[in-house]
Structures are given as structure tokens and as C-alpha cells.
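Written below as C-alpha cells is the structure these notes are about.
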Amino acid sequence: MKKIIGNLIYDTEKAETVLCVETGECPFGLLEDTLYVTKKGNWFLVKESDCFDEETGPGICTELVALTGDEALTWLTKQQAVDAIQTHFPDQLEEA
């Protein structure tokens, strides 16, 4: 999937998959949100949802959303993705 946001091309095939989380289920399969980071350090989230398109009918729709580093860290924290945070934001966590 590719999308242009603010003169930047976000491409799921060229970016690193950081974390994929199941968010639900619909008649067409599992729904997932997947966080990516580009080689240049830009973050984006691909969100799947159950939807209806007038041309194609019911199905799974995807939305690509650009995130800041802080937004990506917040999302990872909500997912309790300790390993991903330690890898991509090593200065943000410390042992208790």
C-alpha cells in the first residue's frame, strides 16, 4: 500500500513492520492495525476496519495515517510492546 502525505510517499513494502495487532474480526477476516517506520525514520499506522463501499460492497477498508515519533511511542505503549519500544525508543524505558 502506498500513500502520499505532505509530499512524502509512505510505502508498506519499503518500510519496516514494527508491530501488528489484531483489533477485531469481521465477516471477511481478522482486522489489524500495523505500525511501520521508514528508512528515514518516519512513522505510519495502517488501520483496517469493516466497511461498505458503494462500488465493491462490504469488505475490509484500510487507512494509512502518518504519525510523529511521540505518537508512535504512545501507540506502542498502549499495546504494551516492550520489545518494540526498547528497539526503536531505547531511551524511553528503564528497569523498575
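Residue numbering restarts at 1 for every chain of the C-alpha cells, chains are lettered A, B, ... in their displayed order, and ligands are numbered from 1 as they appear.
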Within chain A, find each residue whose DSSP state, derived from the backbone, is helix (DSSP H, G or I), and express the selection as a ChimeraX atom specification.
/A:69-78,82-88
Applying 12 Å and only C-alpha atoms, which residues near A:Ser49 remain after dropping the ones on its own chain fewer than 6 positions away? List them as a PyMOL selection string.
chain A and resi 22-33+58-64
Using only C-alpha atoms, which of A:Glu48, A:Asn42, A:Leu73, A:Leu67 sits nearest A:Thr87?
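That would be A:Leu73, the residue with the smallest distance to A:Thr87.
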Based on the backbone DSSP call, show me all residues of chain A assigned strand (DSSP E or B), as a ChimeraX atom specification.
/A:2-5,8-11,16-26,29-37,43-53,57-67
May I ask which of the residues A:Gly57, A:Gly69, A:Pro90, A:Gly6 is the closest one to A:Leu45, counting only C-alpha atoms?
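Checking each of A:Gly57, A:Gly69, A:Pro90, A:Gly6 against A:Leu45, counting only C-alpha atoms, the winner is A:Gly69.
If you measure from each of A:Thr56, A:Cys20, A:Ala66, A:Trp75 to A:Asn7 using only C-alpha atoms, the closest one turns out to be A:Ala66.
Going from atom CA of A:Gln80 to atom CA of A:Tyr36 covers 16.4 Å.
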A:Phe44 environment, 10 Å, only C-alpha atoms, sequence neighbours closer than 5 positions dropped, as a ChimeraX atom specification
/A:10-12,15,17,34-38,64-69,71-72
Atoms kept (N, CA, C and O atoms) for selection, written as a PDB file, in the first residue's frame:
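Below is the file again_28.pdb, written as the result:
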ATOM      1  N   TYR A  10       4.574   7.133   1.599  1.00  0.00           N
ATOM      2  CA  TYR A  10       4.579   6.094   2.620  1.00  0.00           C
ATOM      3  C   TYR A  10       4.249   4.785   1.913  1.00  0.00           C
ATOM      4  O   TYR A  10       3.211   4.673   1.274  1.00  0.00           O
ATOM      5  N   ASP A  11       5.143   3.803   2.021  1.00  0.00           N
ATOM      6  CA  ASP A  11       5.014   2.551   1.280  1.00  0.00           C
ATOM      7  C   ASP A  11       5.222   1.378   2.242  1.00  0.00           C
ATOM      8  O   ASP A  11       6.312   1.211   2.795  1.00  0.00           O
ATOM      9  N   THR A  12       4.187   0.576   2.425  1.00  0.00           N
ATOM     10  CA  THR A  12       4.283  -0.548   3.359  1.00  0.00           C
ATOM     11  C   THR A  12       5.307  -1.590   2.909  1.00  0.00           C
ATOM     12  O   THR A  12       5.870  -2.291   3.741  1.00  0.00           O
ATOM     13  N   ALA A  15       8.867  -0.069   3.993  1.00  0.00           N
ATOM     14  CA  ALA A  15       9.054   0.279   5.400  1.00  0.00           C
ATOM     15  C   ALA A  15       9.200  -0.981   6.255  1.00  0.00           C
ATOM     16  O   ALA A  15       8.816  -2.078   5.848  1.00  0.00           O
ATOM     17  N   THR A  17       8.096  -3.244   9.297  1.00  0.00           N
ATOM     18  CA  THR A  17       6.943  -3.522  10.154  1.00  0.00           C
ATOM     19  C   THR A  17       7.440  -3.573  11.593  1.00  0.00           C
ATOM     20  O   THR A  17       8.312  -4.375  11.923  1.00  0.00           O
ATOM     21  N   THR A  34      -1.308  -1.997  11.934  1.00  0.00           N
ATOM     22  CA  THR A  34       0.113  -2.293  11.780  1.00  0.00           C
ATOM     23  C   THR A  34       0.899  -0.994  11.774  1.00  0.00           C
ATOM     24  O   THR A  34       0.604  -0.079  11.004  1.00  0.00           O
ATOM     25  N   LEU A  35       1.912  -0.944  12.645  1.00  0.00           N
ATOM     26  CA  LEU A  35       2.787   0.223  12.744  1.00  0.00           C
ATOM     27  C   LEU A  35       4.046  -0.028  11.932  1.00  0.00           C
ATOM     28  O   LEU A  35       4.649  -1.103  12.026  1.00  0.00           O
ATOM     29  N   TYR A  36       4.429   0.982  11.154  1.00  0.00           N
ATOM     30  CA  TYR A  36       5.620   0.910  10.303  1.00  0.00           C
ATOM     31  C   TYR A  36       6.534   2.095  10.587  1.00  0.00           C
ATOM     32  O   TYR A  36       6.075   3.153  11.013  1.00  0.00           O
ATOM     33  N   VAL A  37       7.824   1.915  10.278  1.00  0.00           N
ATOM     34  CA  VAL A  37       8.776   3.015  10.277  1.00  0.00           C
ATOM     35  C   VAL A  37       9.579   2.932   8.974  1.00  0.00           C
ATOM     36  O   VAL A  37       9.954   1.849   8.523  1.00  0.00           O
ATOM     37  N   THR A  38       9.787   4.094   8.353  1.00  0.00           N
ATOM     38  CA  THR A  38      10.532   4.139   7.097  1.00  0.00           C
ATOM     39  C   THR A  38      12.032   4.195   7.381  1.00  0.00           C
ATOM     40  O   THR A  38      12.454   4.436   8.513  1.00  0.00           O
ATOM     41  N   LEU A  64      -4.215   4.656   5.948  1.00  0.00           N
ATOM     42  CA  LEU A  64      -2.825   4.895   6.299  1.00  0.00           C
ATOM     43  C   LEU A  64      -2.735   6.277   6.925  1.00  0.00           C
ATOM     44  O   LEU A  64      -3.175   7.260   6.340  1.00  0.00           O
ATOM     45  N   VAL A  65      -2.174   6.335   8.146  1.00  0.00           N
ATOM     46  CA  VAL A  65      -2.091   7.577   8.903  1.00  0.00           C
ATOM     47  C   VAL A  65      -0.645   7.826   9.286  1.00  0.00           C
ATOM     48  O   VAL A  65       0.004   6.957   9.892  1.00  0.00           O
ATOM     49  N   ALA A  66      -0.110   8.993   8.941  1.00  0.00           N
ATOM     50  CA  ALA A  66       1.247   9.369   9.346  1.00  0.00           C
ATOM     51  C   ALA A  66       1.235   9.725  10.825  1.00  0.00           C
ATOM     52  O   ALA A  66       0.292  10.337  11.327  1.00  0.00           O
ATOM     53  N   LEU A  67       2.284   9.323  11.544  1.00  0.00           N
ATOM     54  CA  LEU A  67       2.415   9.608  12.965  1.00  0.00           C
ATOM     55  C   LEU A  67       3.742  10.289  13.253  1.00  0.00           C
ATOM     56  O   LEU A  67       4.716  10.075  12.538  1.00  0.00           O
ATOM     57  N   THR A  68       3.778  11.056  14.327  1.00  0.00           N
ATOM     58  CA  THR A  68       5.053  11.569  14.827  1.00  0.00           C
ATOM     59  C   THR A  68       5.710  10.461  15.642  1.00  0.00           C
ATOM     60  O   THR A  68       5.057   9.462  15.998  1.00  0.00           O
ATOM     61  N   GLY A  69       6.959  10.644  15.983  1.00  0.00           N
ATOM     62  CA  GLY A  69       7.630   9.676  16.838  1.00  0.00           C
ATOM     63  C   GLY A  69       6.936   9.551  18.182  1.00  0.00           C
ATOM     64  O   GLY A  69       6.786   8.444  18.718  1.00  0.00           O
ATOM     65  N   GLU A  71       3.760  10.060  18.828  1.00  0.00           N
ATOM     66  CA  GLU A  71       2.503   9.336  18.622  1.00  0.00           C
ATOM     67  C   GLU A  71       2.756   7.837  18.463  1.00  0.00           C
ATOM     68  O   GLU A  71       1.995   7.013  18.972  1.00  0.00           O
ATOM     69  N   ALA A  72       3.830   7.482  17.758  1.00  0.00           N
ATOM     70  CA  ALA A  72       4.183   6.067  17.601  1.00  0.00           C
ATOM     71  C   ALA A  72       4.535   5.462  18.955  1.00  0.00           C
ATOM     72  O   ALA A  72       4.095   4.347  19.278  1.00  0.00           O
TER      73      ALA A  72
END
One-decimal distance in Å that lies between atom CA of A:Glu16 and atom CA of A:Thr77
18.4 Å
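Atom pair atom CA of A:Asp50 / atom CA of A:Leu8: separated by 27.2 Å.
Contact shell of A:Gln86 at 12 Å (only C-alpha atoms; same-chain neighbours under 5 positions omitted): Val18, Leu73, Leu76, Thr77, Gln80, Ala81, Asp91, Gln92, Leu93, Glu94 and Glu95 of chain A.
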Dump as a PDB file, in the first residue's frame, selection limited to C-alpha atoms:
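Dumped everything to out_6.pdb:
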ATOM      1  CA  VAL A  18       7.312  -2.644  13.839  1.00  0.00           C
ATOM      2  CA  LEU A  73       5.652   5.706  21.097  1.00  0.00           C
ATOM      3  CA  LEU A  76       3.320   1.194  21.256  1.00  0.00           C
ATOM      4  CA  THR A  77       2.931   1.933  24.972  1.00  0.00           C
ATOM      5  CA  GLN A  80       2.496  -2.836  25.937  1.00  0.00           C
ATOM      6  CA  ALA A  81       5.024  -3.511  23.160  1.00  0.00           C
ATOM      7  CA  ASP A  91      15.987   5.847  25.976  1.00  0.00           C
ATOM      8  CA  GLN A  92      12.297   5.826  26.880  1.00  0.00           C
ATOM      9  CA  LEU A  93      12.172   2.841  29.250  1.00  0.00           C
ATOM     10  CA  GLU A  94      14.174   1.829  32.285  1.00  0.00           C
ATOM     11  CA  GLU A  95      14.037  -1.045  34.732  1.00  0.00           C
TER      12      GLU A  95
END
